[in-house]
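Single-structure report; data block below.
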Amino acid sequence: MTTLKSKLHADLNAAIKERDELRSSTLRLTLAAITKEEVAGKEKRELSDDEVQKVITREAKKRREAAEAFAQGGRAESAEREKAEGEVLAAYLPKQLSDDELNAIVAQAVEEAKAGGAEGPRAMGAVMKIVNPKVAGQAEGGRVAAAVKKLLVG
């Protein structure tokens with residue numbers, strides 16, 4: 001078992017013993033998503049820590065989107081629950097880049113792309129190819145794309 005997955009199991013057991021309903025249900029759902037990912041495809045396999053992290057990231061994103069949808073629908077209590085679940089999952093993810101850090105990485109990538117001959121809004125793909133490996137797991141794709149677009153167009 002990978003170290004991240006075993007940490008999730010240990011934390012789930014601790015949450016159950018502490019009768020922490022929010023954490024235990026969130027971790028149960030996340031572990032179920034990991035297991036589902038492991039058995040997807042032709043044969044069962046063990047996920048690496050990176051793959052487990054991607055599943056956790058995906059689950060955290062679902063919580064954020066659900067919280068926004070509940071807030072827009074006037075269901076504040078459900079929105080708060082989703083936000084709280086997202087915060088539980090955030091503890092297992094790498095620290096997110098600040099806007100300044102992200103903009104600095106994007107600016108450097110734009111310069112690299114311009115040196116390679118790509119300019120203007122059409123350089124978006126080239127810049128994203130440079131930026132994505134550098135910020136993997138530390139910034140959401142939508143945030144990255146918005147920062148790239150702002151620098152290319154602006």
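In the structure tokens, chains take the letters A, B, ... in the order shown, each chain's residues start at 1, and ligands count up from 1 in the order shown.
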
Would you kindly return, as number ranges by chain, each protein, DNA or RNA residue with an atom no farther than 10 Å from any atom of stretch 37-48 of chain A, considering only C-alpha atoms and excluding same-chain residues fewer than 4 positions away?
A: 1-5, 31-33, 52-55

- How would you write, as a PyMOL selection string, the set of residues in chain A that DSSP gives as helix (DSSP H, G or I)? chain A and resi 3-17+21-39+49-72+76-90+99-115+121-135+141-153

(message) When you look at A:Leu152 with a cut-off of 12 Å (counting only C-alpha atoms), what residues show up, excluding the ones that are within fewer than 3 positions of it in the same chain? I need them as a count of residues only.
(response) 25

One decimal, in Å: what's the spacing between atom CA of A:Glu80 and atom CA of A:Ser6?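 Value for the atom CA of A:Glu80-atom CA of A:Ser6 distance: 27.9 Å.
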
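Reported to one decimal place, the separation of atom CA of A:Ser98 from atom CA of A:Leu151 is 16.3 Å.
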
Determine, counting only C-alpha atoms, which protein, DNA and RNA residues have an atom within 8 Å of an atom of A:Ser24; residues of the same chain fewer than 4 positions away are not included. Present the result as a tab-separated table (two decimals) with all heavy atoms, in the first residue's frame.
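Now in selection-v3.tsv:
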```
chain	number	residue	atom	x	y	z
A	12	LEU	N	-8.51	7.75	8.84
A	12	LEU	CA	-9.91	7.33	8.89
A	12	LEU	C	-10.18	6.59	10.20
A	12	LEU	O	-11.17	6.88	10.87
A	12	LEU	CB	-10.24	6.43	7.69
A	12	LEU	CG	-11.63	5.76	7.73
A	12	LEU	CD1	-12.73	6.81	7.76
A	12	LEU	CD2	-11.81	4.84	6.54
A	13	ASN	N	-9.29	5.66	10.56
A	13	ASN	CA	-9.47	4.93	11.82
A	13	ASN	C	-9.48	5.88	13.01
A	13	ASN	O	-10.29	5.75	13.92
A	13	ASN	CB	-8.39	3.86	11.98
A	13	ASN	CG	-8.60	2.70	11.03
A	13	ASN	OD1	-9.71	2.46	10.57
A	13	ASN	ND2	-7.53	1.99	10.73
A	15	ALA	N	-10.30	9.06	12.99
A	15	ALA	CA	-11.52	9.87	12.93
A	15	ALA	C	-12.72	9.07	13.44
A	15	ALA	O	-13.60	9.62	14.13
A	15	ALA	CB	-11.77	10.34	11.50
A	16	ILE	N	-12.76	7.77	13.12
A	16	ILE	CA	-13.86	6.93	13.60
A	16	ILE	C	-13.80	6.82	15.13
A	16	ILE	O	-14.81	6.94	15.81
A	16	ILE	CB	-13.80	5.54	12.93
A	16	ILE	CG1	-14.15	5.66	11.45
A	16	ILE	CG2	-14.76	4.57	13.62
A	16	ILE	CD1	-13.90	4.40	10.64
A	19	ARG	N	-15.00	9.78	16.79
A	19	ARG	CA	-16.39	10.05	16.41
A	19	ARG	C	-16.51	11.37	15.62
A	19	ARG	O	-17.46	12.13	15.80
A	19	ARG	CB	-17.31	10.06	17.61
A	19	ARG	CG	-17.35	8.72	18.34
A	19	ARG	CD	-18.50	8.66	19.32
A	19	ARG	NE	-18.51	7.46	20.12
A	19	ARG	CZ	-18.83	6.24	19.70
A	19	ARG	NH1	-19.15	6.04	18.44
A	19	ARG	NH2	-18.82	5.21	20.52
A	20	ASP	N	-15.50	11.63	14.78
A	20	ASP	CA	-15.50	12.83	13.93
A	20	ASP	C	-16.22	12.45	12.62
A	20	ASP	O	-15.61	11.94	11.69
A	20	ASP	CB	-14.04	13.25	13.67
A	20	ASP	CG	-13.95	14.55	12.89
A	20	ASP	OD1	-14.95	14.95	12.26
A	20	ASP	OD2	-12.87	15.16	12.91
A	28	ARG	N	-13.80	8.25	3.97
A	28	ARG	CA	-14.42	7.04	3.40
A	28	ARG	C	-14.71	7.24	1.91
A	28	ARG	O	-14.42	6.36	1.09
A	28	ARG	CB	-15.73	6.71	4.12
A	28	ARG	CG	-15.57	5.81	5.28
A	28	ARG	CD	-16.92	5.23	5.70
A	28	ARG	NE	-16.75	4.55	6.96
A	28	ARG	CZ	-17.17	5.01	8.12
A	28	ARG	NH1	-17.80	6.15	8.21
A	28	ARG	NH2	-16.96	4.31	9.22
```

Near A:Glu65, within 12 Å and counting only C-alpha atoms, which residues show up once chain neighbours fewer than 6 positions away are dropped, as a count of residues only? 9

Between atom CA of A:Ser25 and atom CA of A:Glu87 lies a distance of 13.2 Å

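Residue nearest A:Asp100 within the list A:Ala60, A:Ala139, A:Thr30, A:Leu8: A:Ala139 [criterion: smallest interatomic distance, only C-alpha atoms].
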
- Query: Closest to A:Glu101 among A:Arg81, A:Lys150, A:Lys62, A:Lys134, using only C-alpha atoms?
  - Reply: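 Nearest candidate to A:Glu101 out of A:Arg81, A:Lys150, A:Lys62, A:Lys134: A:Lys134.
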